[in-house]
Every structure is written in structure tokens, then in C-alpha cells.
file work_28.cif (mmCIF, C-alpha atoms; chains and numbers go by the auth columns)
data_start
loop_
_atom_site.group_PDB
_atom_site.id
_atom_site.type_symbol
_atom_site.label_atom_id
_atom_site.label_comp_id
_atom_site.label_asym_id
_atom_site.label_seq_id
_atom_site.Cartn_x
_atom_site.Cartn_y
_atom_site.Cartn_z
_atom_site.B_iso_or_equiv
_atom_site.auth_seq_id
_atom_site.auth_asym_id
ATOM 1 C CA MET A 1 -109.553 114.241 -42.960 0.00 1 O
ATOM 2 C CA LYS A 2 -107.883 112.565 -45.926 0.00 2 O
ATOM 3 C CA ALA A 3 -110.030 111.339 -48.816 0.00 3 O
ATOM 4 C CA SER A 4 -108.657 107.822 -48.455 0.00 4 O
ATOM 5 C CA LYS A 5 -109.811 107.729 -44.835 0.00 5 O
ATOM 6 C CA ILE A 6 -113.298 108.857 -45.825 0.00 6 O
ATOM 7 C CA ALA A 7 -113.467 106.354 -48.680 0.00 7 O
ATOM 8 C CA TYR A 8 -112.415 103.549 -46.335 0.00 8 O
ATOM 9 C CA LYS A 9 -115.199 104.244 -43.788 0.00 9 O
ATOM 10 C CA PRO A 10 -117.879 102.100 -45.512 0.00 10 O
ATOM 11 C CA VAL A 11 -115.353 99.307 -46.021 0.00 11 O
ATOM 12 C CA GLY A 12 -114.417 99.475 -42.348 0.00 12 O
ATOM 13 C CA LEU A 13 -118.075 99.281 -41.311 0.00 13 O
ATOM 14 C CA VAL A 14 -118.662 96.175 -43.423 0.00 14 O
ATOM 15 C CA LEU A 15 -115.468 94.560 -42.150 0.00 15 O
ATOM 16 C CA GLY A 16 -116.541 95.307 -38.581 0.00 16 O
ATOM 17 C CA ALA A 17 -119.870 93.540 -39.105 0.00 17 O
ATOM 18 C CA VAL A 18 -118.188 90.576 -40.769 0.00 18 O
ATOM 19 C CA SER A 19 -115.599 90.289 -38.008 0.00 19 O
ATOM 20 C CA GLY A 20 -118.328 90.323 -35.350 0.00 20 O
ATOM 21 C CA MET A 21 -120.203 87.478 -37.033 0.00 21 O
ATOM 22 C CA LEU A 22 -117.005 85.511 -37.592 0.00 22 O
ATOM 23 C CA ALA A 23 -115.937 86.002 -33.969 0.00 23 O
ATOM 24 C CA GLY A 24 -119.326 84.713 -32.793 0.00 24 O
ATOM 25 C CA LEU A 25 -118.920 81.556 -34.867 0.00 25 O
ATOM 26 C CA VAL A 26 -115.367 80.987 -33.627 0.00 26 O
ATOM 27 C CA PHE A 27 -116.413 81.530 -30.007 0.00 27 O
ATOM 28 C CA ARG A 28 -119.323 79.075 -30.227 0.00 28 O
ATOM 29 C CA GLN A 29 -117.031 76.409 -31.662 0.00 29 O
ATOM 30 C CA ALA A 30 -114.355 77.091 -29.041 0.00 30 O
ATOM 31 C CA TRP A 31 -116.913 76.905 -26.225 0.00 31 O
ATOM 32 C CA LYS A 32 -118.249 73.589 -27.542 0.00 32 O
ATOM 33 C CA GLY A 33 -114.696 72.244 -27.488 0.00 33 O
ATOM 34 C CA ILE A 34 -113.951 73.505 -23.989 0.00 34 O
ATOM 35 C CA ALA A 35 -117.208 72.879 -22.159 0.00 35 O
ATOM 36 C CA HIS A 36 -118.670 70.122 -24.369 0.00 36 O
ATOM 37 C CA GLU A 37 -121.993 71.951 -24.498 0.00 37 O
ATOM 38 C CA GLY A 38 -123.701 74.164 -27.051 0.00 38 O
ATOM 39 C CA ASP A 39 -124.453 77.362 -25.197 0.00 39 O
ATOM 40 C CA ALA A 40 -122.046 79.527 -23.262 0.00 40 O
ATOM 41 C CA PRO A 41 -123.352 80.851 -19.954 0.00 41 O
ATOM 42 C CA ASP A 42 -124.818 84.317 -19.674 0.00 42 O
ATOM 43 C CA ALA A 43 -123.924 86.479 -16.705 0.00 43 O
ATOM 44 C CA THR A 44 -127.450 86.015 -15.339 0.00 44 O
ATOM 45 C CA ASP A 45 -127.601 82.221 -15.648 0.00 45 O
ATOM 46 C CA GLU A 46 -128.471 81.195 -12.104 0.00 46 O
ATOM 47 C CA ASP A 47 -127.301 77.609 -12.561 0.00 47 O
ATOM 48 C CA ARG A 48 -123.809 78.566 -13.738 0.00 48 O
ATOM 49 C CA THR A 49 -120.819 79.248 -11.519 0.00 49 O
ATOM 50 C CA TRP A 50 -118.841 82.460 -11.435 0.00 50 O
ATOM 51 C CA ARG A 51 -115.934 80.551 -12.914 0.00 51 O
ATOM 52 C CA GLU A 52 -117.933 79.398 -15.944 0.00 52 O
ATOM 53 C CA VAL A 53 -119.398 82.843 -16.572 0.00 53 O
ATOM 54 C CA LEU A 54 -116.073 84.652 -16.277 0.00 54 O
ATOM 55 C CA LEU A 55 -114.231 82.071 -18.368 0.00 55 O
ATOM 56 C CA ALA A 56 -116.821 82.383 -21.130 0.00 56 O
ATOM 57 C CA ALA A 57 -116.710 86.193 -21.048 0.00 57 O
ATOM 58 C CA THR A 58 -112.911 86.269 -21.101 0.00 58 O
ATOM 59 C CA LEU A 59 -112.689 83.796 -23.959 0.00 59 O
ATOM 60 C CA GLN A 60 -115.353 85.625 -25.943 0.00 60 O
ATOM 61 C CA GLY A 61 -113.580 88.964 -25.510 0.00 61 O
ATOM 62 C CA ALA A 62 -110.192 87.563 -26.489 0.00 62 O
ATOM 63 C CA ILE A 63 -111.578 85.853 -29.581 0.00 63 O
ATOM 64 C CA TYR A 64 -113.509 88.952 -30.627 0.00 64 O
ATOM 65 C CA ALA A 65 -110.435 91.177 -30.260 0.00 65 O
ATOM 66 C CA ALA A 66 -108.188 88.782 -32.183 0.00 66 O
ATOM 67 C CA VAL A 67 -110.663 88.267 -35.028 0.00 67 O
ATOM 68 C CA LYS A 68 -111.423 92.004 -35.286 0.00 68 O
ATOM 69 C CA ALA A 69 -107.721 92.903 -35.385 0.00 69 O
ATOM 70 C CA THR A 70 -107.073 90.239 -38.022 0.00 70 O
ATOM 71 C CA VAL A 71 -109.943 91.359 -40.253 0.00 71 O
ATOM 72 C CA ASP A 72 -109.132 95.072 -39.824 0.00 72 O
ATOM 73 C CA ARG A 73 -105.469 94.519 -40.612 0.00 73 O
ATOM 74 C CA ALA A 74 -106.281 92.390 -43.656 0.00 74 O
ATOM 75 C CA GLY A 75 -108.694 95.064 -44.901 0.00 75 O
ATOM 76 C CA ALA A 76 -106.120 97.825 -44.490 0.00 76 O
ATOM 77 C CA THR A 77 -103.457 95.742 -46.217 0.00 77 O
ATOM 78 C CA ALA A 78 -105.793 94.945 -49.119 0.00 78 O
ATOM 79 C CA THR A 79 -106.700 98.619 -49.415 0.00 79 O
ATOM 80 C CA ARG A 80 -103.039 99.586 -49.623 0.00 80 O
ATOM 81 C CA ARG A 81 -102.453 96.942 -52.313 0.00 81 O
ATOM 82 C CA LEU A 82 -105.391 98.263 -54.336 0.00 82 O
ATOM 83 C CA THR A 83 -104.883 101.995 -53.852 0.00 83 O
ATOM 84 C CA GLY A 84 -101.276 102.408 -52.778 0.00 84 O
ATOM 85 C CA THR A 85 -102.421 104.279 -49.647 0.00 85 O
ATOM 86 C CA TRP A 86 -102.777 103.029 -46.082 0.00 86 O
ATOM 87 C CA PRO A 87 -106.321 103.873 -44.918 0.00 87 O
ATOM 88 C CA GLY A 88 -105.486 104.759 -41.314 0.00 88 O
#

call {"tool": "encode", "arguments": {"input": "work_28.cif", "output": "C-alpha cells"}}
result
Amino acid sequence: MKASKIAYKPVGLVLGAVSGMLAGLVFRQAWKGIAHEGDAPDATDEDRTWREVLLAATLQGAIYAAVKATVDRAGATATRRLTGTWPG
């Protein structure tokens, strides 16, 4: 394994945690805008419909994937600017 890949591991872990928190914030705001309520349904919420639960899960997954890809790509780009080497 290349030294740059090893050196990037801690950075990648921090970026992963940050992207997860950021995705959670974005999802909560998006859900408030869509459903006009504060909390998204859990899969075990008895009072929620299948449609609500699946919509919330799909939206949450899409937002998480997009935010994670954005943060990971920005981190790799910044690493290349700083070190001259792509971390992947």
C-alpha cells in the first residue's frame, strides 16, 4: 500500500464522520420541506404508511450518498493540491 494512501486514512475517517453529520442535517431540512413536519418516519412507526416510510428511506439514502461523494471528492482534490498525489 502506498504511503499516501496510508497517510490519507485518518483524513478519510474524519471526512466520513463529517459527511454523515452533514447528510443528517440536509435530510432533516429536506424532510421538513417535503412533509411539513419535523421527524421523518421510522420503518417501525405504526401510524405511518408504507409510502411515507419508503419515501423517507429513499430520500435519506440519496442525500447521504450525494453528500458523502461530494465530501470525499473534495477531500481527495484538496489532498492532491497539498501533496501533488491523488490519495486513492

call {"tool": "resolve_selection", "arguments": {"input": "work_28.cif", "expression": "the PyMOL selection byres ((chain O and resi 67-80) around 8)", "output": "list in words"}}
result
Val11, Gly12, Leu15, Gly16, Ser19, Gly20, Leu22, Ala23, Ile63, Tyr64, Ala65, Ala66, Arg81, Leu82, Thr83, Gly84, Thr85, Trp86, Pro87 and Gly88 of chain O

call {"tool": "resolve_selection", "arguments": {"input": "work_28.cif", "expression": "the PyMOL selection byres ((chain O and resi 59) around 12)", "output": "PyMOL selection string"}}
result
chain O and resi 23-24+26-31+34-35+40-41+51-58+60-66

call {"tool": "write_last_selection", "arguments": {"input": "work_28.cif", "atoms": "C-alpha atoms", "output": "short mmCIF file (atom, residue, chain, number, x, y, z; two decimals), keeping the file's coordinate frame"}}
result
data_model
loop_
_atom_site.label_atom_id
_atom_site.label_comp_id
_atom_site.auth_asym_id
_atom_site.auth_seq_id
_atom_site.Cartn_x
_atom_site.Cartn_y
_atom_site.Cartn_z
CA ALA O 23 -115.94 86.00 -33.97
CA GLY O 24 -119.33 84.71 -32.79
CA VAL O 26 -115.37 80.99 -33.63
CA PHE O 27 -116.41 81.53 -30.01
CA ARG O 28 -119.32 79.08 -30.23
CA GLN O 29 -117.03 76.41 -31.66
CA ALA O 30 -114.36 77.09 -29.04
CA TRP O 31 -116.91 76.90 -26.22
CA ILE O 34 -113.95 73.50 -23.99
CA ALA O 35 -117.21 72.88 -22.16
CA ALA O 40 -122.05 79.53 -23.26
CA PRO O 41 -123.35 80.85 -19.95
CA ARG O 51 -115.93 80.55 -12.91
CA GLU O 52 -117.93 79.40 -15.94
CA VAL O 53 -119.40 82.84 -16.57
CA LEU O 54 -116.07 84.65 -16.28
CA LEU O 55 -114.23 82.07 -18.37
CA ALA O 56 -116.82 82.38 -21.13
CA ALA O 57 -116.71 86.19 -21.05
CA THR O 58 -112.91 86.27 -21.10
CA GLN O 60 -115.35 85.62 -25.94
CA GLY O 61 -113.58 88.96 -25.51
CA ALA O 62 -110.19 87.56 -26.49
CA ILE O 63 -111.58 85.85 -29.58
CA TYR O 64 -113.51 88.95 -30.63
CA ALA O 65 -110.44 91.18 -30.26
CA ALA O 66 -108.19 88.78 -32.18
#

call {"tool": "atom_distance", "arguments": {"input": "work_28.cif", "atom1": "atom CA of Ala17 of chain O", "atom2": "atom CA of Lys5 of chain O"}}
result
18.3 Å
